[in-house]
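Visitor: Contents of model20.pdb (PDB, C-alpha atoms and all ligand atoms):
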```
ATOM      1  CA  MET H   1      21.346   6.481   3.027
ATOM      2  CA  ILE H   2      17.646   7.316   2.702
ATOM      3  CA  ASP H   3      16.619  10.098   5.043
ATOM      4  CA  LEU H   4      12.901  10.671   5.620
ATOM      5  CA  ARG H   5      13.275  12.901   8.652
ATOM      6  CA  ASN H   6      10.691  15.712   8.729
ATOM      7  CA  ARG H   7       8.460  13.702   6.410
ATOM      8  CA  VAL H   8       4.975  12.461   7.268
ATOM      9  CA  SER H   9       3.731   9.212   5.748
ATOM     10  CA  LEU H  10       0.281   7.650   5.671
ATOM     11  CA  ILE H  11       0.218   3.894   5.175
ATOM     12  CA  THR H  12      -3.281   2.506   4.706
ATOM     13  CA  GLY H  13      -3.823  -0.866   6.359
ATOM     14  CA  SER H  14      -0.719  -0.686   8.533
ATOM     15  CA  SER H  15      -2.037  -2.684  11.480
ATOM     16  CA  ARG H  16      -0.813  -5.940   9.939
ATOM     17  CA  GLY H  17       1.168  -7.585   7.149
ATOM     18  CA  ILE H  18       3.028  -5.650   4.468
ATOM     19  CA  GLY H  19       1.485  -2.347   5.594
ATOM     20  CA  ARG H  20       2.788  -2.739   9.142
ATOM     21  CA  THR H  21       6.277  -3.665   7.923
ATOM     22  CA  THR H  22       6.245  -0.686   5.544
ATOM     23  CA  ALA H  23       5.194   1.675   8.338
ATOM     24  CA  LEU H  24       8.115   0.468  10.460
ATOM     25  CA  LYS H  25      10.517   0.704   7.528
ATOM     26  CA  LEU H  26       9.571   4.332   6.754
ATOM     27  CA  ALA H  27       9.793   5.185  10.472
ATOM     28  CA  GLU H  28      13.248   3.588  10.628
ATOM     29  CA  ALA H  29      14.260   5.986   7.829
ATOM     30  CA  GLY H  30      13.031   8.917   9.935
ATOM     31  CA  SER H  31       9.427   9.475   8.845
ATOM     32  CA  ASP H  32       6.574  10.169  11.209
ATOM     33  CA  VAL H  33       3.711   7.829  10.403
ATOM     34  CA  ILE H  34      -0.066   7.700  10.376
ATOM     35  CA  VAL H  35      -1.089   4.110  11.092
ATOM     36  CA  ASN H  36      -4.463   3.320   9.533
ATOM     37  CA  TYR H  37      -6.659   0.304  10.233
ATOM     38  CA  VAL H  38     -10.290  -0.685   9.871
ATOM     39  CA  SER H  39     -10.843  -3.421  12.477
ATOM     40  CA  SER H  40      -7.552  -4.424  14.170
ATOM     41  CA  LYS H  41      -7.252  -1.572  16.672
ATOM     42  CA  LYS H  42      -4.940  -3.432  19.037
ATOM     43  CA  ALA H  43      -2.547  -4.386  16.239
ATOM     44  CA  ALA H  44      -2.574  -0.796  14.922
ATOM     45  CA  ILE H  45      -1.691   0.529  18.383
ATOM     46  CA  GLU H  46       1.159  -2.006  18.573
ATOM     47  CA  THR H  47       2.516  -0.751  15.230
ATOM     48  CA  ALA H  48       2.342   2.833  16.499
ATOM     49  CA  LYS H  49       4.060   1.930  19.792
ATOM     50  CA  GLU H  50       6.933   0.388  17.885
ATOM     51  CA  ILE H  51       7.268   3.537  15.760
ATOM     52  CA  ILE H  52       7.311   5.710  18.874
ATOM     53  CA  ARG H  53      10.002   3.434  20.364
ATOM     54  CA  MET H  54      12.092   4.350  17.273
ATOM     55  CA  GLY H  55      11.814   8.003  18.280
ATOM     56  CA  ARG H  56       9.281   8.961  15.619
ATOM     57  CA  GLN H  57       5.752  10.308  15.968
ATOM     58  CA  ALA H  58       2.831   8.034  15.219
ATOM     59  CA  TRP H  59      -0.917   8.560  15.005
ATOM     60  CA  VAL H  60      -3.451   5.744  14.870
ATOM     61  CA  VAL H  61      -6.533   6.484  12.763
ATOM     62  CA  LYS H  62      -9.424   4.141  12.114
ATOM     63  CA  ALA H  63     -10.836   4.681   8.627
ATOM     64  CA  ASP H  64     -12.445   2.383   6.107
ATOM     65  CA  VAL H  65     -10.677   3.631   2.997
ATOM     66  CA  SER H  66     -13.291   2.033   0.756
ATOM     67  CA  GLU H  67     -15.672   4.752   1.988
ATOM     68  CA  GLU H  68     -15.049   8.205   0.538
ATOM     69  CA  GLN H  69     -16.296   9.929   3.694
ATOM     70  CA  ASP H  70     -13.851   7.941   5.863
ATOM     71  CA  ALA H  71     -10.993   8.700   3.471
ATOM     72  CA  ARG H  72     -11.885  12.411   3.616
ATOM     73  CA  GLU H  73     -12.017  12.346   7.413
ATOM     74  CA  LEU H  74      -8.659  10.560   7.567
ATOM     75  CA  ILE H  75      -7.044  13.284   5.463
ATOM     76  CA  GLY H  76      -8.989  15.903   7.434
ATOM     77  CA  PHE H  77      -7.428  14.568  10.646
ATOM     78  CA  ILE H  78      -3.957  14.794   9.088
ATOM     79  CA  ARG H  79      -4.575  18.354   7.861
ATOM     80  CA  ARG H  80      -5.904  19.477  11.251
ATOM     81  CA  GLU H  81      -3.582  17.640  13.642
ATOM     82  CA  ILE H  82      -0.331  17.459  11.648
ATOM     83  CA  GLY H  83      -0.684  19.966   8.812
ATOM     84  CA  GLN H  84       1.642  17.996   6.558
ATOM     85  CA  LEU H  85       1.561  14.863   4.394
ATOM     86  CA  ASP H  86       4.456  13.807   2.160
ATOM     87  CA  ASN H  87       3.886  10.140   1.349
ATOM     88  CA  ILE H  88       0.772   8.022   0.888
ATOM     89  CA  VAL H  89       1.161   4.262   0.633
ATOM     90  CA  CYS H  90      -2.086   2.717  -0.639
ATOM     91  CA  ASN H  91      -1.622  -0.719   0.818
ATOM     92  CA  ALA H  92      -5.009  -1.700   2.288
ATOM     93  CA  ALA H  93      -6.790  -4.279   0.176
ATOM     94  CA  THR H  94      -9.524  -6.816   0.406
ATOM     95  CA  GLY H  95     -11.759  -8.809  -1.915
ATOM     96  CA  GLY H  96     -12.094 -12.321  -0.643
ATOM     97  CA  PHE H  97     -10.953 -15.374  -2.534
ATOM     98  CA  ARG H  98     -13.785 -16.700  -4.692
ATOM     99  CA  ASN H  99     -14.523 -17.598  -8.297
ATOM    100  CA  LEU H 100     -15.968 -14.750 -10.357
ATOM    101  CA  LEU H 101     -18.887 -17.009 -11.288
ATOM    102  CA  ASP H 102     -19.700 -17.510  -7.593
ATOM    103  CA  SER H 103     -19.349 -13.850  -6.675
ATOM    104  CA  GLU H 104     -22.033 -11.231  -6.359
ATOM    105  CA  THR H 105     -21.902  -7.690  -7.669
ATOM    106  CA  LYS H 106     -21.462  -6.409  -4.114
ATOM    107  CA  HIS H 107     -18.226  -8.448  -3.773
ATOM    108  CA  PHE H 108     -16.854  -6.884  -6.958
ATOM    109  CA  GLU H 109     -17.892  -3.393  -5.859
ATOM    110  CA  HIS H 110     -16.297  -3.862  -2.444
ATOM    111  CA  ALA H 111     -12.987  -5.032  -3.945
ATOM    112  CA  MET H 112     -12.967  -2.101  -6.371
ATOM    113  CA  ALA H 113     -13.821   0.406  -3.640
ATOM    114  CA  THR H 114     -11.117  -0.812  -1.255
ATOM    115  CA  ASN H 115      -8.373  -1.630  -3.715
ATOM    116  CA  VAL H 116      -8.855   1.043  -6.392
ATOM    117  CA  LEU H 117     -11.199   3.844  -5.433
ATOM    118  CA  SER H 118      -9.376   4.354  -2.125
ATOM    119  CA  LEU H 119      -6.396   5.648  -4.113
ATOM    120  CA  VAL H 120      -8.617   8.172  -5.892
ATOM    121  CA  PHE H 121     -10.431   9.143  -2.664
ATOM    122  CA  LEU H 122      -7.141   9.777  -0.846
ATOM    123  CA  ALA H 123      -5.406  11.573  -3.735
ATOM    124  CA  ARG H 124      -8.451  13.793  -4.243
ATOM    125  CA  ALA H 125      -8.774  14.649  -0.548
ATOM    126  CA  ALA H 126      -5.035  15.185   0.005
ATOM    127  CA  LYS H 127      -4.182  17.005  -3.225
ATOM    128  CA  ASP H 128      -3.661  20.394  -1.577
ATOM    129  CA  LEU H 129      -1.290  18.845   0.987
ATOM    130  CA  LEU H 130       0.741  16.950  -1.617
ATOM    131  CA  VAL H 131       1.258  19.466  -4.418
ATOM    132  CA  ASN H 132       3.939  22.109  -4.951
ATOM    133  CA  ARG H 133       6.103  21.279  -1.943
ATOM    134  CA  PRO H 134       9.834  22.148  -1.752
ATOM    135  CA  TYR H 135      10.446  18.456  -2.557
ATOM    136  CA  ARG H 136       8.392  15.861  -4.409
ATOM    137  CA  SER H 137       5.544  14.090  -2.609
ATOM    138  CA  LYS H 138       5.188  10.357  -3.205
ATOM    139  CA  VAL H 139       2.188   8.107  -3.646
ATOM    140  CA  VAL H 140       2.837   4.366  -3.823
ATOM    141  CA  ALA H 141       0.196   1.699  -4.447
ATOM    142  CA  ILE H 142       0.680  -2.016  -3.826
ATOM    143  CA  SER H 143      -0.305  -4.375  -6.624
ATOM    144  CA  SER H 144       0.121  -8.081  -7.319
ATOM    145  CA  HIS H 145       0.728 -10.485 -10.207
ATOM    146  CA  GLY H 146      -3.021 -11.074 -10.341
ATOM    147  CA  ALA H 147      -3.151  -7.826 -12.354
ATOM    148  CA  ASP H 148      -1.529  -9.617 -15.307
ATOM    149  CA  ILE H 149      -2.038 -13.345 -14.870
ATOM    150  CA  ALA H 150      -4.998 -15.467 -13.842
ATOM    151  CA  LEU H 151      -4.838 -17.155 -10.456
ATOM    152  CA  PRO H 152      -7.473 -19.456  -8.943
ATOM    153  CA  MET H 153     -10.141 -17.598  -6.919
ATOM    154  CA  TYR H 154      -8.326 -14.298  -7.483
ATOM    155  CA  GLY H 155     -10.485 -12.676 -10.172
ATOM    156  CA  LEU H 156     -11.963  -9.993  -7.940
ATOM    157  CA  ILE H 157      -8.630  -8.899  -6.503
ATOM    158  CA  GLY H 158      -6.701  -9.459  -9.749
ATOM    159  CA  GLY H 159      -9.172  -7.356 -11.723
ATOM    160  CA  SER H 160      -8.993  -4.618  -9.121
ATOM    161  CA  LYS H 161      -5.185  -4.641  -9.178
ATOM    162  CA  ALA H 162      -5.176  -4.225 -12.979
ATOM    163  CA  ALA H 163      -7.480  -1.236 -12.545
ATOM    164  CA  LEU H 164      -5.285   0.095  -9.725
ATOM    165  CA  GLU H 165      -2.203   0.078 -11.954
ATOM    166  CA  SER H 166      -4.028   1.959 -14.709
ATOM    167  CA  ILE H 167      -5.525   4.462 -12.277
ATOM    168  CA  ALA H 168      -2.044   5.092 -10.824
ATOM    169  CA  ARG H 169      -0.712   5.897 -14.309
ATOM    170  CA  HIS H 170      -3.638   8.206 -15.057
ATOM    171  CA  LEU H 171      -3.283   9.991 -11.721
ATOM    172  CA  THR H 172       0.370  10.519 -12.611
ATOM    173  CA  LEU H 173      -0.755  12.504 -15.655
ATOM    174  CA  GLU H 174      -2.875  14.700 -13.418
ATOM    175  CA  LEU H 175      -0.426  15.222 -10.534
ATOM    176  CA  GLY H 176       3.069  14.626 -11.933
ATOM    177  CA  HIS H 177       3.618  18.204 -13.081
ATOM    178  CA  LEU H 178       2.485  19.440  -9.645
ATOM    179  CA  GLY H 179       5.351  17.748  -7.815
ATOM    180  CA  VAL H 180       3.832  14.380  -7.001
ATOM    181  CA  ASN H 181       5.256  10.986  -8.033
ATOM    182  CA  ILE H 182       2.861   8.069  -8.257
ATOM    183  CA  ASN H 183       4.257   4.569  -8.597
ATOM    184  CA  VAL H 184       3.247   0.985  -7.964
ATOM    185  CA  VAL H 185       5.066  -1.852  -6.234
ATOM    186  CA  LYS H 186       3.965  -5.191  -7.640
ATOM    187  CA  ALA H 187       4.775  -7.803  -5.016
ATOM    188  CA  GLY H 188       5.139 -11.550  -5.370
ATOM    189  CA  LEU H 189       3.678 -13.897  -2.806
ATOM    190  CA  VAL H 190       4.455 -12.893   0.802
ATOM    191  CA  LYS H 191       3.299 -14.859   3.821
ATOM    192  CA  THR H 192       0.707 -12.727   5.641
ATOM    193  CA  ASP H 193      -2.757 -13.203   7.160
ATOM    194  CA  SER H 194      -4.326 -12.781   3.711
ATOM    195  CA  THR H 195      -2.168 -15.374   1.925
ATOM    196  CA  ASP H 196      -2.860 -17.815   4.766
ATOM    197  CA  ARG H 197      -6.502 -17.646   3.589
ATOM    198  CA  LEU H 198      -5.666 -17.978  -0.134
ATOM    199  CA  PRO H 199      -6.825 -21.392  -1.424
ATOM    200  CA  GLY H 200      -3.841 -23.402  -2.719
ATOM    201  CA  SER H 201      -1.327 -20.990  -1.201
ATOM    202  CA  GLU H 202       0.895 -23.853   0.043
ATOM    203  CA  GLU H 203       1.456 -25.053  -3.552
ATOM    204  CA  MET H 204       1.956 -21.475  -4.729
ATOM    205  CA  PHE H 205       4.584 -20.863  -2.054
ATOM    206  CA  ALA H 206       6.350 -24.106  -3.006
ATOM    207  CA  GLY H 207       6.224 -23.169  -6.715
ATOM    208  CA  ARG H 208       7.502 -19.709  -5.954
ATOM    209  CA  VAL H 209      10.732 -21.059  -4.408
ATOM    210  CA  HIS H 210      11.206 -23.048  -7.625
ATOM    211  CA  LYS H 211      10.622 -20.006  -9.917
ATOM    212  CA  SER H 212      12.470 -17.388  -7.920
ATOM    213  CA  MET H 213      16.149 -16.876  -8.736
ATOM    214  CA  MET H 214      16.983 -16.296  -5.099
ATOM    215  CA  GLY H 215      17.622 -19.875  -4.002
ATOM    216  CA  ASN H 216      16.015 -20.508  -0.653
ATOM    217  CA  ARG H 217      15.700 -16.794   0.080
ATOM    218  CA  VAL H 218      11.926 -16.290   0.223
ATOM    219  CA  LEU H 219      10.233 -12.971  -0.436
ATOM    220  CA  GLU H 220       9.266 -11.228   2.786
ATOM    221  CA  ALA H 221       7.229  -8.172   3.664
ATOM    222  CA  VAL H 222      10.434  -6.251   4.318
ATOM    223  CA  ASP H 223      11.502  -6.725   0.669
ATOM    224  CA  VAL H 224       8.291  -5.026  -0.446
ATOM    225  CA  ALA H 225       8.771  -2.329   2.208
ATOM    226  CA  ASN H 226      12.301  -1.640   0.925
ATOM    227  CA  ALA H 227      10.914  -0.961  -2.562
ATOM    228  CA  VAL H 228       8.265   1.345  -1.090
ATOM    229  CA  LEU H 229      10.979   3.142   0.887
ATOM    230  CA  PHE H 230      12.921   3.769  -2.322
ATOM    231  CA  LEU H 231       9.792   5.100  -4.040
ATOM    232  CA  CYS H 232       9.080   7.386  -1.071
ATOM    233  CA  SER H 233      12.602   8.808  -1.154
ATOM    234  CA  SER H 234      14.240  11.468  -3.308
ATOM    235  CA  LEU H 235      16.308   8.697  -4.946
ATOM    236  CA  SER H 236      13.225   7.940  -7.053
ATOM    237  CA  ASP H 237      12.335  11.524  -8.022
ATOM    238  CA  LEU H 238      12.652  10.661 -11.725
ATOM    239  CA  VAL H 239      10.654   7.420 -11.423
ATOM    240  CA  GLN H 240       7.151   8.327 -12.435
ATOM    241  CA  GLY H 241       4.055   6.241 -13.214
ATOM    242  CA  GLU H 242       6.044   2.996 -13.052
ATOM    243  CA  ILE H 243       5.473  -0.500 -11.751
ATOM    244  CA  LEU H 244       8.352  -1.952  -9.745
ATOM    245  CA  THR H 245       8.112  -5.736  -9.447
ATOM    246  CA  VAL H 246       9.563  -7.309  -6.320
ATOM    247  CA  ASP H 247       9.477 -11.105  -6.560
ATOM    248  CA  GLY H 248      13.034 -12.372  -6.961
ATOM    249  CA  GLY H 249      12.542 -12.794 -10.709
ATOM    250  CA  ALA H 250       9.738 -15.339 -10.349
ATOM    251  CA  ALA H 251       7.411 -13.743 -12.897
ATOM    252  CA  ILE H 252       9.802 -13.080 -15.785
ATOM    253  CA  HIS H 253       9.913 -16.683 -16.987
ATOM    254  CA  VAL H 254       7.627 -19.669 -17.517
TER     255      VAL H 254
HETATM  256  N1  LIG Q   1       0.645 -10.940   0.801
HETATM  257  C1  LIG Q   1       0.924 -11.089  -0.482
HETATM  258  O1  LIG Q   1       1.380 -12.141  -0.949
HETATM  259  C2  LIG Q   1       0.709  -9.945  -1.434
HETATM  260  C3  LIG Q   1       1.222 -10.053  -2.736
HETATM  261  C4  LIG Q   1       1.050  -8.985  -3.602
HETATM  262  C5  LIG Q   1       0.395  -7.843  -3.200
HETATM  263  N2  LIG Q   1      -0.106  -7.784  -1.939
HETATM  264  C6  LIG Q   1      -0.804  -6.560  -1.554
HETATM  265  O2  LIG Q   1      -0.161  -6.010  -0.430
HETATM  266  C7  LIG Q   1      -1.125  -5.313   0.361
HETATM  267  C8  LIG Q   1      -1.103  -5.836   1.782
HETATM  268  O3  LIG Q   1      -1.383  -7.224   1.761
HETATM  269  P1  LIG Q   1      -1.224  -8.122   3.079
HETATM  270  O4  LIG Q   1      -1.037  -9.514   2.595
HETATM  271  O5  LIG Q   1      -0.228  -7.509   4.005
HETATM  272  O6  LIG Q   1      -2.709  -7.979   3.695
HETATM  273  P2  LIG Q   1      -3.254  -8.318   5.161
HETATM  274  O7  LIG Q   1      -2.215  -9.021   5.973
HETATM  275  O8  LIG Q   1      -4.566  -8.972   4.952
HETATM  276  O9  LIG Q   1      -3.489  -6.857   5.788
HETATM  277  C9  LIG Q   1      -4.442  -6.031   5.211
HETATM  278  C10 LIG Q   1      -4.380  -4.679   5.874
HETATM  279  O10 LIG Q   1      -5.306  -3.827   5.196
HETATM  280  C11 LIG Q   1      -6.216  -3.274   6.150
HETATM  281  N3  LIG Q   1      -7.509  -3.045   5.508
HETATM  282  C12 LIG Q   1      -8.282  -3.922   4.833
HETATM  283  N4  LIG Q   1      -9.392  -3.310   4.373
HETATM  284  C13 LIG Q   1      -9.307  -2.006   4.780
HETATM  285  C14 LIG Q   1     -10.138  -0.885   4.614
HETATM  286  N5  LIG Q   1     -11.286  -0.948   3.942
HETATM  287  N6  LIG Q   1      -9.727   0.288   5.177
HETATM  288  C15 LIG Q   1      -8.577   0.374   5.852
HETATM  289  N7  LIG Q   1      -7.739  -0.667   6.032
HETATM  290  C16 LIG Q   1      -8.114  -1.845   5.510
HETATM  291  C17 LIG Q   1      -6.274  -4.286   7.277
HETATM  292  O11 LIG Q   1      -6.723  -3.612   8.454
HETATM  293  P3  LIG Q   1      -7.326  -4.419   9.727
HETATM  294  O12 LIG Q   1      -6.148  -5.111  10.354
HETATM  295  O13 LIG Q   1      -7.896  -3.380  10.597
HETATM  296  O14 LIG Q   1      -8.311  -5.389   9.174
HETATM  297  C18 LIG Q   1      -4.801  -4.712   7.323
HETATM  298  O15 LIG Q   1      -4.022  -3.772   8.036
HETATM  299  C19 LIG Q   1      -2.450  -5.506  -0.360
HETATM  300  O16 LIG Q   1      -2.659  -4.429  -1.250
HETATM  301  C20 LIG Q   1      -2.241  -6.780  -1.138
HETATM  302  O17 LIG Q   1      -3.109  -6.907  -2.242
HETATM  303  C21 LIG Q   1       0.034  -8.801  -1.042
END
```
Write out the structure in this file as structure tokens.
Ligand SMILES: NC(=O)c1ccc[n+]([C@@H]2O[C@H](COP(=O)([O-])OP(=O)(O)OC[C@H]3O[C@@H](n4cnc5c(N)ncnc54)[C@H](OP(=O)(O)O)[C@@H]3O)[C@@H](O)[C@H]2O)c1

Guide:
Amino acid sequence: MIDLRNRVSLITGSSRGIGRTTALKLAEAGSDVIVNYVSSKKAAIETAKEIIRMGRQAWVVKADVSEEQDARELIGFIRREIGQLDNIVCNAATGGFRNLLDSETKHFEHAMATNVLSLVFLARAAKDLLVNRPYRSKVVAISSHGADIALPMYGLIGGSKAALESIARHLTLELGHLGVNINVVKAGLVKTDSTDRLPGSEEMFAGRVHKSMMGNRVLEAVDVANAVLFLCSSLSDLVQGEILTVDGGAAIHV
């Protein structure tokens, strides 16, 4: 049984989608949770209310994690108001679905800032809270198959996810010996607001059922959250700098 009581977890982008489900999953295991959002205040408050209903503490903090100042202020709030941070889940992502040849430099920079630099901003700002605790602190980033394979209109996000995975490994080198584990969950396709906007997602979802080895059991946000929960727990203390794929086996074969 995973027990995260007396732990404090920050999940970026936990107003909706996989982030929200992960926040609830960590709270269910006993963690208090900082719910972060950038625009969906009402949804973030709903996530927090549900966590409080579970008997845990929740704080709602607006911060655009693509902005270093916002990331610093988010961690500053946690340091000041809570004084403890054990887990960071870098879940927030953006990028827009467009061909690389139709994109502008600002689109690329925005995807990189939100999906990659946010991890560095948060790790840098929170280092003193995370290191040399009586137990290991955990940082988990959420990646996708676009890091390894080409998908239509996914070049900006896919490129950023490849960078995210490399940055996670390099951060591991810098923080691993100080008591911090950094790992990545690479998720298959999950129905959320963002995949509803992904061009051709209907065909991808249909193809995914065909490629998965799980019969009609489709991948859901909770499956990703379960992997994050494992990586935030002491069960994964010896898992370091790794990528854990959660997709029902869809990506291991042609
Ligand atoms: N869905 C999939 O199939 C899939 C597959 C593989 C990996 N992933 C990854 O899983 C993660 C979550 O995806 P999702 O599908 O759940 O996304 P989603 O439904 O679009 O939710 C995105 C969340 O990120 C927040 N966010 C976006 N930009 C932000 C910023 N600059 N600062 C702070 N928060 C920000 C949003 O906040 P607001 O509500 O305030 O806008 C929202 O809570 C992403 O890293 C995504 O790449 C998803």

Visitor: With only C-alpha atoms as the atoms that count, which of H:Leu130, H:Gly200, H:Val246, H:Ser236 lies nearest to Lys186 in chain H?

Guide: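 Closest to Lys186 in chain H of all the choices is H:Val246.
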
Visitor: Please write the residues picked by the PyMOL selection byres (((not hetatm)) within 8 of (chain Q and resi 1)) on this file as an MDAnalysis selection string.

Guide: chainID H and resid 12:20 36:41 43:44 62:67 90:94 114:115 141:145 157 161 186:195 221

Visitor: Which residue out of H:Asp3, H:Glu81, H:Asp70, H:Glu109 has the minimum interatomic distance to Ile34 in chain H when all atoms listed in the file are used?

Guide: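 Once distances to Ile34 in chain H are computed over all atoms listed in the file, the minimum belongs to H:Glu81.
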
Visitor: What do you get, as a list in words, if you spell out every residue that the PyMOL selection byres (((chain H and resi 116) around 8) and not hetatm) selects here?

Guide: Ala111, Met112, Ala113, Thr114, Asn115, Leu117, Ser118, Leu119, Val120, Ser160, Lys161, Ala163, Leu164 and Ile167 of chain H

Visitor: Counting only C-alpha atoms, which of H:Asn183, H:Asn87, H:Ser212, H:Thr245 gets nearest to Arg169 in chain H?

Guide: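 Under the stated criterion, the closest residue is H:Asn183.
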
Visitor: I want to know what sits within 6 Å of Ser31 in chain H, based on only C-alpha atoms, with residues of the same chain fewer than 4 positions away left out; could you give that as a list in words?

Guide: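 My list of contacting residues is Leu4, Arg5, Arg7, Val8, Leu26 and Ala27 of chain H.
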
Visitor: Rounded to one decimal, what separation in Å do you get between CA of Phe205 in chain H and CA of Arg217 in chain H?

Guide: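 Computing it gives 12.0 Å between the two atoms.
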
Visitor: With all atoms listed in the file as the atoms that count, which of H:Thr22, H:Leu151, H:Val185, H:Glu28 lies nearest to Ile243 in chain H?

Guide: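 Once distances to Ile243 in chain H are computed over all atoms listed in the file, the minimum belongs to H:Val185.
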
Visitor: How far is it from CA of Glu220 in chain H to CA of Ala71 in chain H, in Å with one decimal?

Guide: 28.4 Å

Visitor: Hey, what comes out of the PyMOL selection byres (((chain H and resi 231) around 9) and not hetatm) on this file? Could you write it as a count of residues only?

Guide: 20

Visitor: Check the smallest atom-to-atom distance from each of H:Asp196, H:Asp247, H:Glu174, H:Asp148 to Asp223 in chain H using only C-alpha atoms, then report the winner.

Guide: H:Asp247

Visitor: With the input short on atoms, add all heavy atoms back to range 102-108 of chain H and write it as a tab-separated table (two decimals), in the frame of the given file.

Guide:
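In the end it all went to selection.tsv:
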```
chain	number	residue	atom	x	y	z
H	102	ASP	N	-19.00	-17.33	-8.87
H	102	ASP	CA	-19.70	-17.51	-7.59
H	102	ASP	C	-19.85	-16.18	-6.84
H	102	ASP	O	-20.37	-16.15	-5.73
H	102	ASP	CB	-18.92	-18.48	-6.69
H	102	ASP	CG	-18.80	-19.86	-7.32
H	102	ASP	OD1	-19.74	-20.24	-8.05
H	102	ASP	OD2	-17.77	-20.52	-7.11
H	103	SER	N	-19.33	-15.11	-7.42
H	103	SER	CA	-19.35	-13.85	-6.68
H	103	SER	C	-20.59	-13.03	-7.02
H	103	SER	O	-21.23	-13.25	-8.05
H	103	SER	CB	-18.09	-13.04	-6.98
H	103	SER	OG	-18.07	-12.70	-8.34
H	104	GLU	N	-20.91	-12.14	-6.12
H	104	GLU	CA	-22.03	-11.23	-6.36
H	104	GLU	C	-21.48	-9.85	-6.68
H	104	GLU	O	-20.34	-9.53	-6.35
H	104	GLU	CB	-22.91	-11.17	-5.10
H	104	GLU	CG	-23.54	-12.52	-4.77
H	104	GLU	CD	-24.19	-12.51	-3.40
H	104	GLU	OE1	-24.65	-11.43	-2.98
H	104	GLU	OE2	-24.22	-13.57	-2.78
H	105	THR	N	-22.33	-9.04	-7.27
H	105	THR	CA	-21.90	-7.69	-7.67
H	105	THR	C	-21.34	-6.93	-6.48
H	105	THR	O	-20.35	-6.20	-6.60
H	105	THR	CB	-23.10	-6.92	-8.28
H	105	THR	OG1	-23.56	-7.68	-9.37
H	105	THR	CG2	-22.70	-5.55	-8.76
H	106	LYS	N	-21.93	-7.15	-5.29
H	106	LYS	CA	-21.46	-6.41	-4.11
H	106	LYS	C	-20.01	-6.78	-3.76
H	106	LYS	O	-19.25	-5.95	-3.28
H	106	LYS	CB	-22.39	-6.64	-2.91
H	106	LYS	CG	-22.37	-8.05	-2.39
H	106	LYS	CD	-23.24	-8.19	-1.16
H	106	LYS	CE	-23.12	-9.63	-0.65
H	106	LYS	NZ	-24.11	-10.04	0.28
H	107	HIS	N	-19.61	-8.05	-4.05
H	107	HIS	CA	-18.23	-8.45	-3.77
H	107	HIS	C	-17.28	-7.68	-4.69
H	107	HIS	O	-16.22	-7.20	-4.28
H	107	HIS	CB	-18.03	-9.95	-3.99
H	107	HIS	CG	-18.85	-10.80	-3.07
H	107	HIS	ND1	-19.58	-11.88	-3.50
H	107	HIS	CD2	-19.09	-10.69	-1.74
H	107	HIS	CE1	-20.21	-12.42	-2.48
H	107	HIS	NE2	-19.93	-11.70	-1.39
H	108	PHE	N	-17.67	-7.60	-5.97
H	108	PHE	CA	-16.85	-6.88	-6.96
H	108	PHE	C	-16.75	-5.40	-6.56
H	108	PHE	O	-15.67	-4.81	-6.57
H	108	PHE	CB	-17.48	-7.04	-8.35
H	108	PHE	CG	-16.68	-6.40	-9.44
H	108	PHE	CD1	-15.51	-6.98	-9.89
H	108	PHE	CD2	-17.09	-5.21	-10.02
H	108	PHE	CE1	-14.75	-6.39	-10.90
H	108	PHE	CE2	-16.35	-4.61	-11.02
H	108	PHE	CZ	-15.18	-5.21	-11.46
```
